[in-house]
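The file my_file-v2.txt comes next; it holds compact mmCIF, C-alpha atoms and all ligand atoms.
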# COMPACT_ATOMS: atom_id res chain seq x y z
CA MET A 1 0.00 0.00 0.00
CA GLU A 2 1.14 3.52 -0.80
CA LYS A 3 2.86 5.19 2.14
CA ALA A 4 1.23 8.34 3.45
CA GLY A 5 2.62 11.78 4.24
CA ILE A 6 2.08 13.68 7.47
CA TYR A 7 1.66 17.45 7.42
CA ILE A 8 1.71 19.51 10.62
CA HIS A 9 0.67 23.14 10.36
CA VAL A 10 2.39 25.49 12.81
CA PRO A 11 0.35 28.68 12.57
CA PHE A 12 2.61 31.17 14.31
CA CYS A 13 4.67 34.01 12.88
CA VAL A 14 6.58 36.91 14.44
CA ARG A 15 4.62 39.22 12.18
CA LYS A 16 2.70 38.90 8.95
CA CYS A 17 4.51 39.40 5.62
CA PRO A 18 2.40 41.68 3.40
CA TYR A 19 2.08 39.18 0.52
CA CYS A 20 1.24 36.09 2.56
CA ASP A 21 -2.17 34.48 2.96
CA PHE A 22 -1.12 31.34 4.83
CA TYR A 23 -2.94 31.00 8.10
CA SER A 24 -0.92 32.26 11.06
CA VAL A 25 -1.31 34.32 14.22
CA PRO A 26 1.26 36.20 16.33
CA TYR A 27 3.60 33.85 18.17
CA ASP A 28 2.80 33.23 21.81
CA PRO A 29 4.88 30.54 23.58
CA ALA A 30 2.09 29.48 25.94
CA LEU A 31 -0.39 29.19 23.07
CA ALA A 32 2.18 27.24 21.05
CA ALA A 33 2.55 24.74 23.89
CA ARG A 34 -1.24 24.23 24.12
CA TYR A 35 -1.45 23.94 20.36
CA THR A 36 1.28 21.27 20.36
CA GLU A 37 -0.71 19.17 22.83
CA ALA A 38 -3.82 19.55 20.66
CA VAL A 39 -1.85 18.34 17.60
CA CYS A 40 -0.67 15.32 19.62
CA ALA A 41 -4.29 14.68 20.63
CA GLN A 42 -5.44 14.88 17.01
CA MET A 43 -2.73 12.36 16.09
CA GLN A 44 -4.49 9.80 18.27
CA LEU A 45 -7.38 9.84 15.80
CA ALA A 46 -5.28 8.83 12.81
CA PRO A 47 -5.31 5.24 11.58
CA ARG A 48 -2.12 3.33 12.18
CA VAL A 49 -0.84 3.47 8.59
CA GLN A 50 2.67 3.54 7.14
CA ALA A 51 4.12 6.98 6.43
CA ASP A 52 7.43 8.03 4.96
CA THR A 53 7.30 11.83 5.19
CA VAL A 54 6.60 14.36 7.92
CA TYR A 55 6.44 18.04 7.03
CA PHE A 56 6.23 20.93 9.52
CA GLY A 57 4.86 23.87 7.54
CA GLY A 58 3.49 27.22 8.51
CA GLY A 59 3.45 29.82 9.64
CA THR A 60 6.96 29.60 11.03
CA PRO A 61 7.64 26.18 12.56
CA SER A 62 11.20 27.25 13.39
CA LEU A 63 9.76 29.71 15.94
CA LEU A 64 8.77 26.84 18.20
CA ASP A 65 10.91 25.51 20.98
CA PRO A 66 12.51 22.39 19.43
CA ALA A 67 11.16 20.41 22.41
CA LEU A 68 7.65 21.00 21.03
CA ILE A 69 8.71 19.80 17.58
CA ALA A 70 10.23 16.71 19.24
CA ARG A 71 6.97 16.14 21.14
CA MET A 72 4.90 16.19 17.91
CA LEU A 73 7.39 13.91 16.16
CA GLU A 74 7.19 11.42 19.03
CA ALA A 75 3.40 11.47 18.83
CA ALA A 76 3.62 10.85 15.07
CA ALA A 77 6.05 7.98 15.59
CA GLN A 78 3.72 6.42 18.17
CA ARG A 79 0.65 6.65 15.98
CA PHE A 80 2.03 6.02 12.49
CA VAL A 81 4.42 3.36 11.27
CA LEU A 82 7.20 5.70 10.13
CA SER A 83 9.68 4.27 7.64
CA GLU A 84 13.32 4.20 8.68
CA ASP A 85 14.32 6.60 5.94
CA CYS A 86 11.42 8.95 6.68
CA GLU A 87 11.93 12.44 5.20
CA VAL A 88 11.26 14.89 8.04
CA THR A 89 11.16 18.51 6.87
CA LEU A 90 10.81 21.72 8.83
CA GLU A 91 10.26 25.16 7.30
CA MET A 92 12.73 27.63 8.72
CA ASN A 93 12.76 31.41 8.68
CA PRO A 94 16.36 32.66 8.83
CA ALA A 95 15.32 35.26 11.41
CA THR A 96 14.59 32.48 13.89
CA CYS A 97 17.73 30.42 13.44
CA THR A 98 20.45 29.69 16.00
CA ALA A 99 23.08 26.95 16.09
CA GLU A 100 21.57 25.64 19.32
CA LYS A 101 18.13 25.39 17.74
CA LEU A 102 19.48 23.68 14.64
CA ARG A 103 21.31 21.10 16.74
CA ALA A 104 18.21 20.44 18.83
CA LEU A 105 16.05 20.04 15.71
CA ARG A 106 18.57 17.63 14.23
CA ALA A 107 18.56 15.62 17.46
CA ALA A 108 14.75 15.60 17.43
CA GLY A 109 14.78 13.90 14.01
CA ILE A 110 14.44 16.73 11.51
CA ASN A 111 16.56 15.73 8.50
CA ARG A 112 15.50 18.29 5.90
CA LEU A 113 15.14 22.06 6.16
CA SER A 114 13.17 24.32 3.87
CA ILE A 115 14.58 27.79 4.35
CA GLY A 116 12.56 30.84 3.29
CA VAL A 117 15.26 32.96 1.66
CA GLN A 118 13.13 34.66 -1.06
CA SER A 119 15.95 36.99 -2.16
CA THR A 120 19.51 37.86 -1.20
CA ASP A 121 18.99 41.53 -2.00
CA ASP A 122 18.53 43.54 1.21
CA ALA A 123 16.43 46.29 -0.42
CA VAL A 124 14.08 43.68 -1.90
CA LEU A 125 13.82 41.81 1.40
CA ARG A 126 12.83 45.05 3.15
CA GLN A 127 10.31 45.81 0.42
CA ILE A 128 8.52 42.48 0.99
CA GLY A 129 8.61 42.83 4.76
CA ARG A 130 10.93 39.96 5.57
CA LEU A 131 12.56 39.92 9.00
CA HIS A 132 15.91 38.61 7.82
CA ASP A 133 18.58 40.15 5.63
CA ARG A 134 20.88 38.70 3.00
CA GLN A 135 23.63 37.78 5.47
CA GLY A 136 21.13 36.14 7.81
CA ALA A 137 19.87 33.92 5.00
CA LEU A 138 23.33 32.90 3.82
CA ASP A 139 24.53 32.30 7.40
CA THR A 140 21.48 30.12 8.13
CA ILE A 141 22.28 27.81 5.23
CA ALA A 142 25.96 27.56 6.16
CA LEU A 143 25.09 26.96 9.82
CA ALA A 144 22.51 24.32 8.93
CA ALA A 145 25.11 22.43 6.90
CA ALA A 146 27.65 22.78 9.70
CA CYS A 147 25.07 21.35 12.13
CA GLY A 148 24.72 18.21 10.03
CA PHE A 149 21.79 18.97 7.71
CA GLU A 150 22.53 17.34 4.38
CA ASN A 151 19.21 18.07 2.70
CA ILE A 152 18.53 21.79 2.56
CA SER A 153 15.96 23.48 0.39
CA ALA A 154 15.79 27.22 -0.25
CA ASP A 155 12.69 29.16 -1.30
CA VAL A 156 13.13 31.97 -3.77
CA MET A 157 10.40 34.29 -5.00
CA LEU A 158 10.38 35.55 -8.57
CA ALA A 159 9.01 38.85 -9.85
CA LEU A 160 9.31 40.70 -6.55
CA PRO A 161 8.65 44.45 -6.46
CA GLN A 162 11.66 46.58 -7.41
CA GLU A 163 13.81 43.51 -8.01
CA SER A 164 15.97 43.68 -11.10
CA GLU A 165 16.64 40.63 -13.24
CA ALA A 166 20.31 40.91 -12.25
CA ALA A 167 19.40 40.79 -8.53
CA LEU A 168 17.27 37.68 -9.06
CA MET A 169 20.02 35.92 -11.01
CA LYS A 170 22.50 36.84 -8.28
CA THR A 171 20.19 35.34 -5.64
CA ILE A 172 19.96 32.07 -7.56
CA ARG A 173 23.69 31.94 -8.27
CA GLU A 174 24.55 32.58 -4.63
CA LEU A 175 22.22 29.88 -3.39
CA CYS A 176 23.50 27.35 -5.91
CA ALA A 177 27.03 27.98 -4.63
CA LEU A 178 25.94 27.01 -1.10
CA PRO A 179 25.20 23.49 0.20
CA VAL A 180 21.60 23.69 -1.01
CA THR A 181 20.16 20.47 -2.43
CA HIS A 182 16.79 21.78 -3.57
CA LEU A 183 15.35 25.05 -4.70
CA SER A 184 11.73 26.20 -4.97
CA ALA A 185 11.12 29.22 -7.18
CA TYR A 186 7.60 30.62 -7.06
CA LEU A 187 6.34 33.70 -8.83
CA LEU A 188 4.91 36.28 -6.44
CA LYS A 189 1.12 36.05 -6.48
CA ILE A 190 -0.95 38.87 -5.11
CA MET A 191 -3.48 37.11 -2.91
CA PRO A 192 -6.84 38.67 -2.05
CA GLY A 193 -7.09 40.02 1.46
CA THR A 194 -3.36 40.67 1.87
CA PRO A 195 -1.81 44.14 2.35
CA PHE A 196 -0.19 43.79 -1.10
CA ALA A 197 -3.67 43.32 -2.60
CA ALA A 198 -4.92 46.46 -0.83
CA HIS A 199 -1.88 48.51 -1.90
CA ARG A 200 -0.14 46.89 -4.81
CA PRO A 201 3.52 47.83 -4.55
CA ASP A 202 5.24 49.54 -7.45
CA GLY A 203 7.70 47.71 -9.60
CA ILE A 204 6.04 44.30 -9.96
CA PRO A 205 6.91 42.98 -13.45
CA ASP A 206 4.05 42.51 -15.91
CA ASP A 207 3.04 39.05 -17.18
CA ASP A 208 5.50 39.02 -20.09
CA ASP A 209 8.38 40.09 -17.90
CA GLN A 210 7.39 37.50 -15.30
CA ALA A 211 7.46 34.79 -17.95
CA ALA A 212 10.92 35.94 -19.06
CA LEU A 213 12.17 35.92 -15.45
CA TYR A 214 10.81 32.41 -14.97
CA GLU A 215 12.51 31.13 -18.13
CA LYS A 216 15.81 32.79 -17.25
CA SER A 217 15.68 31.39 -13.72
CA CYS A 218 15.03 27.89 -15.06
CA ALA A 219 17.88 28.21 -17.55
CA LEU A 220 20.29 29.41 -14.84
CA LEU A 221 19.27 26.55 -12.56
CA ASP A 222 19.91 24.12 -15.45
CA ARG A 223 23.40 25.53 -15.81
CA CYS A 224 23.99 25.22 -12.06
CA GLY A 225 23.14 21.51 -12.15
CA PHE A 226 19.63 21.70 -10.72
CA VAL A 227 17.09 19.43 -12.41
CA GLN A 228 13.55 20.70 -12.72
CA TYR A 229 10.98 18.13 -11.63
CA GLU A 230 7.96 20.40 -11.14
CA ILE A 231 6.89 23.79 -12.46
CA SER A 232 8.52 25.58 -9.53
CA ASN A 233 10.83 22.96 -8.03
CA PHE A 234 14.39 21.93 -8.80
CA SER A 235 16.72 19.45 -7.16
CA ARG A 236 20.50 19.29 -7.33
CA GLY A 237 21.53 16.61 -9.79
CA GLY A 238 17.94 15.33 -9.72
CA ARG A 239 18.72 13.53 -6.46
CA TYR A 240 16.79 15.48 -3.83
CA PRO A 241 13.18 16.07 -4.89
CA SER A 242 10.83 16.79 -2.00
CA ARG A 243 9.35 13.40 -1.28
CA HIS A 244 6.60 15.03 0.75
CA ASN A 245 5.50 17.56 -1.86
CA LEU A 246 5.54 14.82 -4.51
CA LYS A 247 2.70 13.22 -2.56
CA TYR A 248 0.50 16.23 -3.33
CA TRP A 249 1.31 16.11 -7.04
CA HIS A 250 0.90 12.33 -7.19
CA CYS A 251 -2.47 12.50 -5.38
CA ALA A 252 -1.03 10.21 -2.68
CA PRO A 253 -2.65 10.09 0.77
CA TYR A 254 -1.58 12.58 3.42
CA TYR A 255 -2.81 13.36 6.91
CA GLY A 256 -2.86 17.00 7.94
CA PHE A 257 -2.73 18.10 11.57
CA GLY A 258 -3.41 21.54 12.96
CA ALA A 259 -5.58 24.55 12.17
CA ALA A 260 -5.90 25.15 8.41
CA ALA A 261 -4.27 21.80 7.61
CA HIS A 262 -5.52 19.81 4.62
CA SER A 263 -5.72 16.04 4.30
CA SER A 264 -6.26 13.58 1.49
CA VAL A 265 -7.69 10.32 2.74
CA GLY A 266 -9.52 7.61 0.82
CA GLY A 267 -9.77 9.75 -2.31
CA LYS A 268 -11.39 12.64 -0.45
CA LEU A 269 -9.94 16.01 0.51
CA TYR A 270 -10.56 17.40 3.98
CA SER A 271 -9.53 20.51 5.86
CA PHE A 272 -9.73 22.03 9.31
CA PRO A 273 -10.92 25.68 9.53
CA ARG A 274 -8.40 28.51 9.75
CA SER A 275 -8.94 29.05 13.46
CA ILE A 276 -6.71 28.18 16.40
CA ASP A 277 -9.62 28.75 18.77
CA ARG A 278 -11.73 26.18 16.93
CA TYR A 279 -8.78 23.84 16.84
CA LEU A 280 -8.17 24.07 20.59
CA GLU A 281 -11.88 23.67 21.28
CA THR A 282 -11.92 20.51 19.17
CA PHE A 283 -8.67 18.85 20.16
CA GLY A 284 -7.43 20.75 23.21
CA GLY A 285 -9.92 19.31 25.71
CA SER A 286 -9.19 16.35 27.91
CA GLY A 287 -11.68 13.70 26.78
CA CYS A 288 -11.89 14.47 23.08
CA PRO A 289 -9.42 12.03 21.52
CA ALA A 290 -10.70 8.98 23.36
CA GLY A 291 -14.26 9.83 22.35
CA LEU A 292 -13.32 10.15 18.70
CA ASP A 293 -10.81 7.34 18.53
CA ALA A 294 -9.83 6.27 15.02
CA ALA A 295 -12.21 8.79 13.47
CA PHE A 296 -9.61 11.01 11.89
CA CYS A 297 -11.92 12.56 9.32
CA ALA A 298 -14.93 13.09 11.60
CA PRO A 299 -13.92 16.54 12.95
CA LEU A 300 -12.76 17.79 9.54
CA ASN A 301 -14.64 19.54 6.75
CA LEU A 302 -15.06 17.47 3.62
CA GLU A 303 -13.93 19.72 0.76
CA THR A 304 -14.25 17.56 -2.31
CA GLU A 305 -13.49 14.17 -3.84
CA LEU A 306 -10.27 13.76 -5.74
CA SER A 307 -11.24 13.75 -9.40
CA ALA A 308 -9.63 12.81 -12.69
CA GLN A 309 -9.31 16.57 -13.32
CA ASP A 310 -7.30 17.02 -10.11
CA PHE A 311 -5.05 14.14 -11.09
CA ILE A 312 -4.46 15.56 -14.59
CA MET A 313 -3.83 19.06 -13.27
CA LEU A 314 -1.40 17.96 -10.56
CA SER A 315 0.43 15.42 -12.75
CA LEU A 316 1.02 18.01 -15.44
CA ARG A 317 2.85 20.20 -12.94
CA LEU A 318 5.55 17.53 -12.97
CA THR A 319 8.17 17.22 -15.67
CA ALA A 320 7.49 13.46 -15.54
CA GLY A 321 3.96 14.37 -16.57
CA LEU A 322 0.78 12.38 -16.65
CA ASP A 323 0.58 8.59 -16.85
CA LEU A 324 -2.51 7.92 -18.97
CA ASP A 325 -2.70 4.30 -17.76
CA GLU A 326 -2.75 5.42 -14.16
CA LEU A 327 -5.40 8.00 -14.98
CA GLU A 328 -7.54 5.23 -16.39
CA ARG A 329 -6.84 2.80 -13.58
CA ARG A 330 -7.46 5.22 -10.72
CA PHE A 331 -10.23 7.38 -12.15
CA ASP A 332 -11.63 5.32 -15.00
CA TYR A 333 -11.02 8.30 -17.26
CA ARG A 334 -9.79 8.58 -20.85
CA PHE A 335 -9.37 11.83 -22.75
CA PRO A 336 -12.12 12.19 -25.35
CA PRO A 337 -10.86 12.11 -28.99
CA GLU A 338 -11.47 15.86 -29.32
CA THR A 339 -9.09 16.56 -26.41
CA LEU A 340 -6.45 14.24 -27.87
CA ARG A 341 -6.66 16.15 -31.16
CA ARG A 342 -6.22 19.39 -29.27
CA LEU A 343 -3.19 17.97 -27.43
CA ASP A 344 -1.65 17.11 -30.79
CA VAL A 345 -2.04 20.75 -31.82
CA TYR A 346 -0.32 21.86 -28.58
CA ALA A 347 2.46 19.33 -29.19
CA ARG A 348 3.08 20.79 -32.66
CA ALA A 349 3.22 24.25 -31.04
CA GLY A 350 5.90 23.00 -28.62
CA LEU A 351 3.73 23.23 -25.51
CA CYS A 352 3.51 19.54 -24.64
CA GLU A 353 4.94 16.20 -25.63
CA ARG A 354 3.54 12.70 -25.69
CA GLN A 355 5.44 9.44 -25.70
CA GLY A 356 3.52 6.21 -25.41
CA ARG A 357 1.12 6.52 -22.51
CA ARG A 358 2.86 9.53 -20.94
CA LEU A 359 2.04 13.17 -21.55
CA TRP A 360 4.00 16.14 -20.20
CA LEU A 361 4.23 19.89 -20.62
CA THR A 362 7.37 21.48 -22.00
CA ARG A 363 8.80 24.48 -20.17
CA ARG A 364 6.96 26.77 -22.53
CA GLY A 365 3.80 24.78 -21.86
CA MET A 366 4.31 25.14 -18.13
CA LEU A 367 4.34 28.90 -18.54
CA VAL A 368 0.83 28.82 -19.97
CA SER A 369 -0.33 25.77 -18.03
CA ASN A 370 -3.43 27.45 -16.60
CA ALA A 371 -4.78 28.39 -20.02
CA LEU A 372 -3.81 25.04 -21.46
CA LEU A 373 -5.47 23.09 -18.64
CA ALA A 374 -8.62 25.16 -19.00
CA GLU A 375 -8.79 23.97 -22.61
CA ILE A 376 -8.36 20.27 -21.91
CA LEU A 377 -10.28 19.79 -18.66
S1 LIG B 401 5.58 34.31 4.49
FE1 LIG B 401 6.08 32.87 6.13
S2 LIG B 401 6.90 34.20 7.78
FE2 LIG B 401 5.78 35.54 6.37
S3 LIG B 401 3.70 35.64 7.23
FE3 LIG B 401 3.70 34.00 5.70
S4 LIG B 401 4.08 32.16 6.86
FE4 LIG B 401 4.70 33.89 8.18
What is this structure when it is put down as structure tokens?
Ligand code: SF4
Amino acid sequence: MEKAGIYIHVPFCVRKCPYCDFYSVPYDPALAARYTEAVCAQMQLAPRVQADTVYFGGGTPSLLDPALIARMLEAAAQRFVLSEDCEVTLEMNPATCTAEKLRALRAAGINRLSIGVQSTDDAVLRQIGRLHDRQGALDTIALAAACGFENISADVMLALPQESEAALMKTIRELCALPVTHLSAYLLKIMPGTPFAAHRPDGIPDDDDQAALYEKSCALLDRCGFVQYEISNFSRGGRYPSRHNLKYWHCAPYYGFGAAAHSSVGGKLYSFPRSIDRYLETFGGSGCPAGLDAAFCAPLNLETELSAQDFIMLSLRLTAGLDLDELERRFDYRFPPETLRRLDVYARAGLCERQGRRLWLTRRGMLVSNALLAEIL
């Protein structure tokens, strides 16, 4: 049976970045301790299945006392059958990093860090409200490697306000020269309800310029030995893809814990509301877990069922593309002849390729993937 992933949402930040719409509240150590116990209580509801990834996302998981991270990992190890080579990732904000914390996280079982660098240009970092500066980001990566982390991912944002192409290329080059095994490169998206949506900053590149920045970033990463495996994700030498994130793109099962966490269980997608208060009410009480034993999905909201469309959309984010046999086996779905004809047209235009029963988007196709998917779904 396919091994599951475990996602733990840590919804605390020092302060909100103006572009971010992830769920988080101001950090409060006492609240974080209560929240940790509630996550451990929620774990008791999960079925005892095999899992080979754990991912602490946020928010800012690196804000927490490593003892709390260790506590949640122990609870996961008690409830799930974790594989020996389990990938255990923690998102880290450079502003929260110390050698002591890194060593404690390593000892707790974290073996992969995802560090939110975004840029190594101090003016750009200030513009997007980040707490760290260029030196802080570079030092965090070096320190993480010195503390024994061999699998380090860095997040970079593309098309940031006032960022020149040269500054972006410098960021990527600098990161590639460090002991970074994986790089995520996402275009800045202005999300509704964020301060950036209310007051759009000057100097955000237009769509054409964004496309050019994306293509140049991909080309530079190619030259630096990073292999693209997903629209926005690259791994050094092709050897370090994020095993956890691949579960999302492969429509594999994952169990989400915490406020705002999502889960995919039995072909259905669930979520918990974006509310710590609701979360503590549900899982923070004394008798709750025993009363709901082995009913992981019961307290969650059912969002939707995984569909053939989801599978197509997520598979086509990957350079490995879509396995048409798997699509048929899992969802009993075949593309209608009209769609296949359309795909042939896209292939002639250099937007996708098809070989046997596998279909994938080219880099140019990835750039227009939303429009292309709208046509074939
Ligand atoms: S970008 Fe990260 S640090 Fe900033 S508010 Fe969002 S979750 Fe918190």
- Item | Exercise: stretch 191-198 of chain A partners within 7 Å, all atoms listed in the file, chain neighbours under 5 positions left out, as JSON, numbers by chain | {"A": [18, 19, 20, 21]}
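With only C-alpha atoms and all ligand atoms as the atoms that count, the minimum distance from ligand LIG 401 (chain B) to the choices A:Ala38, A:His132, A:Leu82, A:Arg48 is reached by A:His132.
All protein, DNA and RNA residues at most 10 Å from (20.2, 15.8, -9.4) are Thr181, His182, Gly225, Phe226, Val227, Gln228, Tyr229, Phe234, Ser235, Arg236, Gly237, Gly238, Arg239, Tyr240 and Pro241 of chain A, using all atoms listed in the file.
Considering only C-alpha atoms and all ligand atoms, the residues that reside within 6 Å of ligand LIG 401 (chain B) can be listed as A:Cys13, A:Lys16, A:Cys17, A:Cys20, A:Phe22, A:Gly58, A:Gly59, A:Thr60.
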- Item | Given only C-alpha atoms as the counted atoms, nearest of A:Lys170, A:His9, A:Lys3, A:Arg79 to A:Phe272 | A:His9
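For A:Leu105, the residues within 8 Å (counting all atoms listed in the file, excluding itself and residues fewer than 3 positions away along the chain) are A:Pro66, A:Ile69, A:Ala70, A:Lys101, A:Leu102, A:Ala108, A:Gly109, A:Ile110.
Contact shell of A:Ile141 at 8 Å (all atoms listed in the file; same-chain neighbours under 3 positions omitted): Ile115, Ala137, Leu138, Ala144, Ala145, Ile152, Leu178, Pro179 and Val180 of chain A.
Every protein or nucleic acid residue with an atom no more than 12 Å from stretch 342-350 of chain A, counting all atoms listed in the file and leaving out same-chain residues fewer than 3 positions away, appears here: Phe335, Pro336, Pro337, Glu338, Thr339, Glu353, Arg354, Gln355, Leu359, Trp360, Leu361, Thr362, Arg363, Arg364, Gly365, Met366, Leu367, Val368, Ser369, Ala371, Leu372, Leu373, Glu375, Ile376 and Leu377 of chain A.
Going from atom CA of A:Val10 to atom CA of A:Leu64 covers 8.5 Å.
Of note, atom CA of A:Leu63 and atom CA of A:Asp85 are spaced 25.6 Å apart.
Nearest residue to A:Ala107, choosing from A:Ala154, A:Ala67, A:Ala46, A:Ala32 and counting only C-alpha atoms: A:Ala67.
Residues having any atom no farther than 12 Å from (-0.8, 18.9, 25.6) (counting only C-alpha atoms) are A:Ala30, A:Leu31, A:Ala32, A:Ala33, A:Arg34, A:Tyr35, A:Thr36, A:Glu37, A:Ala38, A:Val39, A:Cys40, A:Ala41, A:Gln42, A:Met43, A:Leu68, A:Arg71, A:Met72, A:Ala75, A:Leu280, A:Phe283, A:Gly284, A:Gly285, A:Ser286, A:Pro289.
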- Task: For atom CA of A:Pro205 and atom CA of A:Ala159, quote the distance in Å rounded to one decimal.
- Result: 5.9 Å
- Contacts of stretch 246-260 of chain A within 8 Å, all atoms listed in the file, excl. fewer than 6 positions in-chain, as a PyMOL selection string: chain A and resi 2-11+23+38-39+42-43+46+266-267+271-276+278-279+306+311+314-315+317-318
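Using all atoms listed in the file, the nearest neighbour of A:Phe296 within the list A:Val25, A:Val81, A:Val265, A:Ile190 is A:Val265.
Using only C-alpha atoms, the shortest contact distance between A:Glu230 and any of A:Ser184, A:Thr319, A:Thr304, A:Asn151 is found at A:Thr319.
Candidate residues A:Met157, A:Pro94, A:Ala104, A:Pro299 were compared for distance to A:Gln135, and the nearest is A:Pro94, using all atoms listed in the file.
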